[in-house]
Amino acid sequence: MSQIKTPVKGMCDFTPEDMVLRNYVTDKIKGVYGKFGFTQIETPAVEHIENLTGNHGGENEKLIFKILKRGEKLKESQDIATACDCGLRYDLTLPLSRFYANNADNLYSPFKAFQIGNVWRADRPQKGRFRQFCQCDIDILGDDSILAETELITATAALLLELGFKNFTVRINDRAILKETAAQSGIPEDLTAGAFISLDKLDKIGEEGVKEELIAQGISGQAAERFLQNNKNAQPCQNIIDIQKNVKAAGCEGFKIEFDPTLVRGMGYYTGTIFEITMEELGLSVAGGGRYDKMIGSFSGANTPACGFSIGFERIITILKDRRFKVPSQGEKIAFLIDKKAENDKIAQALCDAAKLRSVGKTVMVTKKNKNAKFQKENLSAIGYTEFKEIY
């Protein structure tokens, strides 16, 4: 059987030029979030299947890449349901909650964490959406005040502004408002979760599409109409008003923060404030998050206030590439191109000169000169090399 040279569907190889941009954005994330007092942690890519299927992930629980048991344990399994004992994480929030429950005694409080890592969802790939993709999360654990929401929104907005984005919109809502409008509309409590998931598709399928889905779930046509109308007429609670005021007071300019009563967020773990950032040029959200005060308690037995914000790293990269964004020069980069006929004494001298230049902070590559030197220089220029020295 011949080997397949292309990546698995929905997963990507990254060229050196790609990595220059990805590393630039990653460095910006670390720099901005570090200034806001967030400290970096890392969690495993693989999680216990019991955690991944614990009714926290909403629709994402249908998209888990499950991992089969190994050896004798697999042979003993009766069916596919018992053949898996772990899976690839579908987001970073669930692993963070497990991490905090396991390490809380050794962490300061409130704990401000950020993570950068790959997650996996067996989704339908499309522009800016992959089956393996990088997420970047910031979370504040142990703070039940709106200071947490304010810091998360302000830090995320500051990052996007640092990357050159402007005129984006932070949309904000509260799950309590959604629950209230559902109750006022006559939607049974056991059907509210499904109703929220349908409402979350409003911008994709329109009011009639949402209404059809609500009715299909067993909600009456009148209740569905009232739910849509009540959401249109909903007013922000005092917490949202205060968060908007605080974000504006923080001094970040170049974006809007607006109350959006139709904002839902698909994850089942949200308990209070929820927010997203949208950009017109992409037509999708590029960041989202909210408060999830009960998730950590599912691990530790004691609920802990928790709030987080995640940026869509791949979507940010997609926009920057569409804009033909060029990474600013990161210092002088020099390439020594060694001709195949160069004498060894000259090669040795070139190696010595390269070492001296590196010792003063410059990046120096020593490599063989290709037959098509012009094409070689063009490729090296694409990853930041600005000076070339040919050794004959």
# chains A, B, ... in the order shown; residues from 1 in each chain; ligands from 1
$ select_by_dssp --residues "segment 234-332 of chain A" --states "alpha helix (DSSP H)" --output "ChimeraX atom specification"
/A:238-249,297-300,313-322
$ write_last_selection --atoms "C-alpha atoms" --output "PDB file, in the first residue's frame"
ATOM      1  CA  GLN A 238     -27.150  45.793  35.954  1.00  0.00           C
ATOM      2  CA  ASN A 239     -24.073  43.541  35.771  1.00  0.00           C
ATOM      3  CA  ILE A 240     -23.866  43.959  32.002  1.00  0.00           C
ATOM      4  CA  ILE A 241     -24.319  47.723  32.264  1.00  0.00           C
ATOM      5  CA  ASP A 242     -21.523  47.899  34.849  1.00  0.00           C
ATOM      6  CA  ILE A 243     -19.203  45.678  32.788  1.00  0.00           C
ATOM      7  CA  GLN A 244     -19.715  47.917  29.738  1.00  0.00           C
ATOM      8  CA  LYS A 245     -18.928  50.960  31.857  1.00  0.00           C
ATOM      9  CA  ASN A 246     -15.798  49.369  33.335  1.00  0.00           C
ATOM     10  CA  VAL A 247     -14.433  48.232  29.967  1.00  0.00           C
ATOM     11  CA  LYS A 248     -14.811  51.747  28.593  1.00  0.00           C
ATOM     12  CA  ALA A 249     -13.155  53.163  31.719  1.00  0.00           C
ATOM     13  CA  GLY A 297     -17.375  21.709  41.381  1.00  0.00           C
ATOM     14  CA  SER A 298     -18.081  18.674  39.189  1.00  0.00           C
ATOM     15  CA  PHE A 299     -14.448  17.662  39.835  1.00  0.00           C
ATOM     16  CA  SER A 300     -13.863  18.902  43.387  1.00  0.00           C
ATOM     17  CA  PHE A 313      -6.254  31.497  16.861  1.00  0.00           C
ATOM     18  CA  GLU A 314      -6.782  29.934  13.412  1.00  0.00           C
ATOM     19  CA  ARG A 315      -9.377  32.526  12.460  1.00  0.00           C
ATOM     20  CA  ILE A 316      -7.030  35.324  13.493  1.00  0.00           C
ATOM     21  CA  ILE A 317      -4.288  33.758  11.363  1.00  0.00           C
ATOM     22  CA  THR A 318      -6.724  33.422   8.437  1.00  0.00           C
ATOM     23  CA  ILE A 319      -7.621  37.121   8.562  1.00  0.00           C
ATOM     24  CA  LEU A 320      -3.978  38.201   8.782  1.00  0.00           C
ATOM     25  CA  LYS A 321      -3.051  36.012   5.811  1.00  0.00           C
ATOM     26  CA  ASP A 322      -5.993  37.355   3.787  1.00  0.00           C
TER      27      ASP A 322
END
$ residues_around --residues "Arg226 of chain A" --least-positions-apart "6" --cutoff "9 Å" --atoms "only C-alpha atoms" --output "PDB file with N, CA and C atoms, in the first residue's frame"
ATOM      1  N   THR A 181     -36.344  34.908  29.662  1.00  0.00           N
ATOM      2  CA  THR A 181     -37.177  35.043  28.464  1.00  0.00           C
ATOM      3  C   THR A 181     -37.797  33.705  28.075  1.00  0.00           C
ATOM      4  N   ALA A 182     -37.074  32.613  28.305  1.00  0.00           N
ATOM      5  CA  ALA A 182     -37.629  31.292  28.000  1.00  0.00           C
ATOM      6  C   ALA A 182     -38.816  30.998  28.912  1.00  0.00           C
ATOM      7  N   GLN A 184     -40.716  33.195  30.518  1.00  0.00           N
ATOM      8  CA  GLN A 184     -41.812  34.112  30.170  1.00  0.00           C
ATOM      9  C   GLN A 184     -42.539  33.671  28.905  1.00  0.00           C
ATOM     10  N   SER A 185     -41.829  32.955  28.044  1.00  0.00           N
ATOM     11  CA  SER A 185     -42.414  32.527  26.766  1.00  0.00           C
ATOM     12  C   SER A 185     -43.175  31.219  26.887  1.00  0.00           C
ATOM     13  N   GLY A 186     -43.101  30.567  28.061  1.00  0.00           N
ATOM     14  CA  GLY A 186     -43.809  29.317  28.259  1.00  0.00           C
ATOM     15  C   GLY A 186     -43.061  28.088  27.781  1.00  0.00           C
TER      16      GLY A 186
END
$ residues_around --residues "segment 120-129 of chain A" --least-positions-apart "5" --cutoff "9 Å" --atoms "only C-alpha atoms" --output "list of chain:residue names"
A:Lys9, A:Gly10, A:Met11, A:Ala45, A:Asn60, A:Glu61, A:Lys62, A:Leu63, A:Ile64, A:Phe65, A:Leu88, A:Arg89, A:Tyr90, A:Asp91, A:Cys134, A:Gly312, A:Glu314, A:Arg315, A:Ile316, A:Ile317, A:Thr318, A:Ile319
$ write_last_selection --atoms "N, CA and C atoms" --output "PDB file, in the first residue's frame"
ATOM      1  N   LYS A   9      -7.760  14.882   6.621  1.00  0.00           N
ATOM      2  CA  LYS A   9      -8.735  15.927   6.326  1.00  0.00           C
ATOM      3  C   LYS A   9      -9.017  16.791   7.556  1.00  0.00           C
ATOM      4  N   GLY A  10      -8.960  18.105   7.355  1.00  0.00           N
ATOM      5  CA  GLY A  10      -9.236  19.027   8.449  1.00  0.00           C
ATOM      6  C   GLY A  10      -8.038  19.340   9.310  1.00  0.00           C
ATOM      7  N   MET A  11      -6.854  18.826   8.917  1.00  0.00           N
ATOM      8  CA  MET A  11      -5.626  19.096   9.664  1.00  0.00           C
ATOM      9  C   MET A  11      -4.580  19.633   8.689  1.00  0.00           C
ATOM     10  N   ALA A  45      -3.118  16.784  25.982  1.00  0.00           N
ATOM     11  CA  ALA A  45      -4.045  16.750  24.854  1.00  0.00           C
ATOM     12  C   ALA A  45      -5.140  15.710  25.054  1.00  0.00           C
ATOM     13  N   ASN A  60     -20.275  19.974  21.115  1.00  0.00           N
ATOM     14  CA  ASN A  60     -18.921  19.468  20.893  1.00  0.00           C
ATOM     15  C   ASN A  60     -18.734  18.040  21.394  1.00  0.00           C
ATOM     16  N   GLU A  61     -19.594  17.596  22.289  1.00  0.00           N
ATOM     17  CA  GLU A  61     -19.477  16.223  22.772  1.00  0.00           C
ATOM     18  C   GLU A  61     -19.799  15.205  21.675  1.00  0.00           C
ATOM     19  N   LYS A  62     -20.458  15.673  20.609  1.00  0.00           N
ATOM     20  CA  LYS A  62     -20.733  14.795  19.474  1.00  0.00           C
ATOM     21  C   LYS A  62     -19.539  14.739  18.518  1.00  0.00           C
ATOM     22  N   LEU A  63     -18.527  15.578  18.775  1.00  0.00           N
ATOM     23  CA  LEU A  63     -17.405  15.712  17.846  1.00  0.00           C
ATOM     24  C   LEU A  63     -16.089  15.226  18.439  1.00  0.00           C
ATOM     25  N   ILE A  64     -16.162  14.409  19.490  1.00  0.00           N
ATOM     26  CA  ILE A  64     -14.949  13.957  20.176  1.00  0.00           C
ATOM     27  C   ILE A  64     -14.213  12.909  19.338  1.00  0.00           C
ATOM     28  N   PHE A  65     -12.911  13.061  19.224  1.00  0.00           N
ATOM     29  CA  PHE A  65     -12.062  12.004  18.696  1.00  0.00           C
ATOM     30  C   PHE A  65     -11.750  11.054  19.851  1.00  0.00           C
ATOM     31  N   LEU A  88      -9.329  12.939  22.664  1.00  0.00           N
ATOM     32  CA  LEU A  88      -8.643  14.215  22.478  1.00  0.00           C
ATOM     33  C   LEU A  88      -9.543  15.347  22.968  1.00  0.00           C
ATOM     34  N   ARG A  89      -8.972  16.309  23.672  1.00  0.00           N
ATOM     35  CA  ARG A  89      -9.755  17.417  24.230  1.00  0.00           C
ATOM     36  C   ARG A  89     -10.381  18.244  23.102  1.00  0.00           C
ATOM     37  N   TYR A  90     -11.630  18.686  23.310  1.00  0.00           N
ATOM     38  CA  TYR A  90     -12.316  19.511  22.324  1.00  0.00           C
ATOM     39  C   TYR A  90     -12.208  21.000  22.648  1.00  0.00           C
ATOM     40  N   ASP A  91     -11.750  21.343  23.851  1.00  0.00           N
ATOM     41  CA  ASP A  91     -11.455  22.731  24.194  1.00  0.00           C
ATOM     42  C   ASP A  91     -10.449  22.729  25.339  1.00  0.00           C
ATOM     43  N   CYS A 134      -5.595  25.441  16.990  1.00  0.00           N
ATOM     44  CA  CYS A 134      -5.008  26.007  18.203  1.00  0.00           C
ATOM     45  C   CYS A 134      -6.006  26.934  18.883  1.00  0.00           C
ATOM     46  N   GLY A 312     -10.093  32.611  18.762  1.00  0.00           N
ATOM     47  CA  GLY A 312      -9.947  31.651  17.674  1.00  0.00           C
ATOM     48  C   GLY A 312      -8.642  31.904  16.942  1.00  0.00           C
ATOM     49  N   GLU A 314      -6.832  30.215  14.847  1.00  0.00           N
ATOM     50  CA  GLU A 314      -6.782  29.934  13.412  1.00  0.00           C
ATOM     51  C   GLU A 314      -7.539  30.983  12.617  1.00  0.00           C
ATOM     52  N   ARG A 315      -8.623  31.486  13.177  1.00  0.00           N
ATOM     53  CA  ARG A 315      -9.377  32.526  12.460  1.00  0.00           C
ATOM     54  C   ARG A 315      -8.593  33.836  12.405  1.00  0.00           C
ATOM     55  N   ILE A 316      -7.889  34.142  13.492  1.00  0.00           N
ATOM     56  CA  ILE A 316      -7.030  35.324  13.493  1.00  0.00           C
ATOM     57  C   ILE A 316      -5.944  35.190  12.428  1.00  0.00           C
ATOM     58  N   ILE A 317      -5.323  34.013  12.367  1.00  0.00           N
ATOM     59  CA  ILE A 317      -4.288  33.758  11.363  1.00  0.00           C
ATOM     60  C   ILE A 317      -4.873  33.888   9.959  1.00  0.00           C
ATOM     61  N   THR A 318      -6.074  33.355   9.747  1.00  0.00           N
ATOM     62  CA  THR A 318      -6.724  33.422   8.437  1.00  0.00           C
ATOM     63  C   THR A 318      -6.924  34.869   7.994  1.00  0.00           C
ATOM     64  N   ILE A 319      -7.403  35.708   8.907  1.00  0.00           N
ATOM     65  CA  ILE A 319      -7.621  37.121   8.562  1.00  0.00           C
ATOM     66  C   ILE A 319      -6.298  37.794   8.223  1.00  0.00           C
TER      67      ILE A 319
END
$ closest_residue --among "A:Ile205, A:Met19, A:Cys84, A:Cys307" --to "Met295 of chain A" --atoms "only C-alpha atoms"
A:Cys307
$ select_by_dssp --residues "segment 124-293 of chain A" --states "strand (DSSP E or B)" --output "PyMOL selection string"
chain A and resi 126+129+132-141+168-174+255-259+273-279+284-291
$ closest_residue --among "A:Met1, A:Ile41, A:Ile138, A:Ala216" --to "Asn103 of chain A" --atoms "only C-alpha atoms"
A:Ile41
$ closest_residue --among "A:Val327, A:Ala287, A:Ile29, A:Val364" --to "Glu162 of chain A" --atoms "only C-alpha atoms"
A:Ile29
$ closest_residue --among "A:Asn173, A:Arg22, A:Phe336, A:Phe14" --to "Gln235 of chain A" --atoms "only C-alpha atoms"
A:Asn173
$ residues_around --residues "Glu258 of chain A" --least-positions-apart "3" --cutoff "8 Å" --atoms "only C-alpha atoms" --output "compact mmCIF listing (two decimals) with C-alpha atoms, in the first residue's frame"
# COMPACT_ATOMS: atom_id res chain seq x y z
CA THR A 169 -17.58 44.30 18.39
CA VAL A 170 -17.73 42.66 21.80
CA ARG A 171 -21.23 41.19 22.17
CA ILE A 172 -22.34 40.47 25.73
CA GLN A 244 -19.71 47.92 29.74
$ closest_residue --among "A:Tyr392, A:Phe130, A:Phe36, A:Tyr385" --to "Lys112 of chain A" --atoms "only C-alpha atoms"
A:Phe36
$ atom_distance --atom1 "atom CA of Gln40 of chain A" --atom2 "atom CA of Asp137 of chain A"
9.8 Å
$ residues_around --residues "Leu21 of chain A" --least-positions-apart "2" --cutoff "10 Å" --atoms "only C-alpha atoms" --output "PDB file with C-alpha atoms, in the first residue's frame"
ATOM      1  CA  PRO A  16       8.376  27.890   7.657  1.00  0.00           C
ATOM      2  CA  GLU A  17       6.634  31.041   6.382  1.00  0.00           C
ATOM      3  CA  ASP A  18       3.411  29.968   8.140  1.00  0.00           C
ATOM      4  CA  MET A  19       5.318  29.426  11.369  1.00  0.00           C
ATOM      5  CA  ASN A  23       5.009  32.403  16.250  1.00  0.00           C
ATOM      6  CA  TYR A  24       4.596  36.173  15.918  1.00  0.00           C
ATOM      7  CA  VAL A  25       0.938  35.966  16.996  1.00  0.00           C
ATOM      8  CA  THR A  26       1.804  33.539  19.807  1.00  0.00           C
ATOM      9  CA  ASP A  27       4.489  35.908  21.102  1.00  0.00           C
ATOM     10  CA  ILE A 317      -4.288  33.758  11.363  1.00  0.00           C
ATOM     11  CA  LEU A 320      -3.978  38.201   8.782  1.00  0.00           C
ATOM     12  CA  LYS A 321      -3.051  36.012   5.811  1.00  0.00           C
ATOM     13  CA  PHE A 325       0.099  40.850   6.769  1.00  0.00           C
ATOM     14  CA  LYS A 326       3.890  40.953   6.979  1.00  0.00           C
ATOM     15  CA  VAL A 327       5.574  40.192  10.266  1.00  0.00           C
ATOM     16  CA  PRO A 328       7.769  43.131  11.352  1.00  0.00           C
ATOM     17  CA  ILE A 383      11.081  33.986   6.404  1.00  0.00           C
TER      18      ILE A 383
END
$ residues_around --residues "Glu189 of chain A" --least-positions-apart "6" --cutoff "12 Å" --atoms "only C-alpha atoms" --output "VMD selection string"
chain A and resid 178 to 183 195 to 196 219
$ closest_residue --among "A:Asp293, A:Asp174, A:Glu149, A:Asp139" --to "Leu263 of chain A" --atoms "only C-alpha atoms"
A:Asp174
$ atom_distance --atom1 "atom CA of Thr150 of chain A" --atom2 "atom CA of Ser109 of chain A"
17.2 Å
$ residues_around --residues "Tyr270 of chain A" --least-positions-apart "3" --cutoff "9 Å" --atoms "only C-alpha atoms" --output "ChimeraX atom specification"
/A:56,175,265-267,273-274,289-295,307
$ write_last_selection --atoms "N, CA and C atoms" --output "PDB file, in the first residue's frame"
ATOM      1  N   HIS A  56     -20.792  18.879  29.631  1.00  0.00           N
ATOM      2  CA  HIS A  56     -20.273  20.241  29.727  1.00  0.00           C
ATOM      3  C   HIS A  56     -20.056  20.880  28.349  1.00  0.00           C
ATOM      4  N   ARG A 175     -26.778  34.428  30.766  1.00  0.00           N
ATOM      5  CA  ARG A 175     -27.638  33.253  30.711  1.00  0.00           C
ATOM      6  C   ARG A 175     -28.923  33.440  31.532  1.00  0.00           C
ATOM      7  N   ARG A 265     -23.953  31.237  23.097  1.00  0.00           N
ATOM      8  CA  ARG A 265     -22.760  30.396  23.309  1.00  0.00           C
ATOM      9  C   ARG A 265     -23.189  28.933  23.476  1.00  0.00           C
ATOM     10  N   GLY A 266     -22.625  28.045  22.681  1.00  0.00           N
ATOM     11  CA  GLY A 266     -23.103  26.681  22.582  1.00  0.00           C
ATOM     12  C   GLY A 266     -22.728  25.752  23.722  1.00  0.00           C
ATOM     13  N   MET A 267     -21.675  26.076  24.483  1.00  0.00           N
ATOM     14  CA  MET A 267     -21.238  25.160  25.534  1.00  0.00           C
ATOM     15  C   MET A 267     -22.273  25.060  26.655  1.00  0.00           C
ATOM     16  N   THR A 273     -22.668  35.442  32.763  1.00  0.00           N
ATOM     17  CA  THR A 273     -22.271  36.328  31.679  1.00  0.00           C
ATOM     18  C   THR A 273     -21.627  35.529  30.546  1.00  0.00           C
ATOM     19  N   ILE A 274     -21.976  35.873  29.303  1.00  0.00           N
ATOM     20  CA  ILE A 274     -21.355  35.279  28.122  1.00  0.00           C
ATOM     21  C   ILE A 274     -20.989  36.391  27.150  1.00  0.00           C
ATOM     22  N   GLY A 289     -16.513  33.458  25.163  1.00  0.00           N
ATOM     23  CA  GLY A 289     -16.303  32.951  26.515  1.00  0.00           C
ATOM     24  C   GLY A 289     -17.459  33.302  27.421  1.00  0.00           C
ATOM     25  N   GLY A 290     -17.197  33.155  28.713  1.00  0.00           N
ATOM     26  CA  GLY A 290     -18.231  33.475  29.677  1.00  0.00           C
ATOM     27  C   GLY A 290     -17.936  32.855  31.036  1.00  0.00           C
ATOM     28  N   ARG A 291     -18.944  32.936  31.907  1.00  0.00           N
ATOM     29  CA  ARG A 291     -18.801  32.463  33.283  1.00  0.00           C
ATOM     30  C   ARG A 291     -19.316  31.032  33.387  1.00  0.00           C
ATOM     31  N   TYR A 292     -18.528  30.184  34.070  1.00  0.00           N
ATOM     32  CA  TYR A 292     -18.885  28.771  34.239  1.00  0.00           C
ATOM     33  C   TYR A 292     -18.622  28.354  35.700  1.00  0.00           C
ATOM     34  N   ASP A 293     -19.450  28.846  36.586  1.00  0.00           N
ATOM     35  CA  ASP A 293     -19.205  28.722  38.027  1.00  0.00           C
ATOM     36  C   ASP A 293     -19.405  27.320  38.601  1.00  0.00           C
ATOM     37  N   LYS A 294     -19.977  26.392  37.831  1.00  0.00           N
ATOM     38  CA  LYS A 294     -20.278  25.069  38.393  1.00  0.00           C
ATOM     39  C   LYS A 294     -19.367  23.958  37.882  1.00  0.00           C
ATOM     40  N   MET A 295     -18.536  24.243  36.869  1.00  0.00           N
ATOM     41  CA  MET A 295     -17.772  23.156  36.273  1.00  0.00           C
ATOM     42  C   MET A 295     -16.713  22.587  37.215  1.00  0.00           C
ATOM     43  N   CYS A 307     -14.410  32.171  35.118  1.00  0.00           N
ATOM     44  CA  CYS A 307     -14.798  32.922  33.929  1.00  0.00           C
ATOM     45  C   CYS A 307     -13.632  32.887  32.952  1.00  0.00           C
TER      46      CYS A 307
END
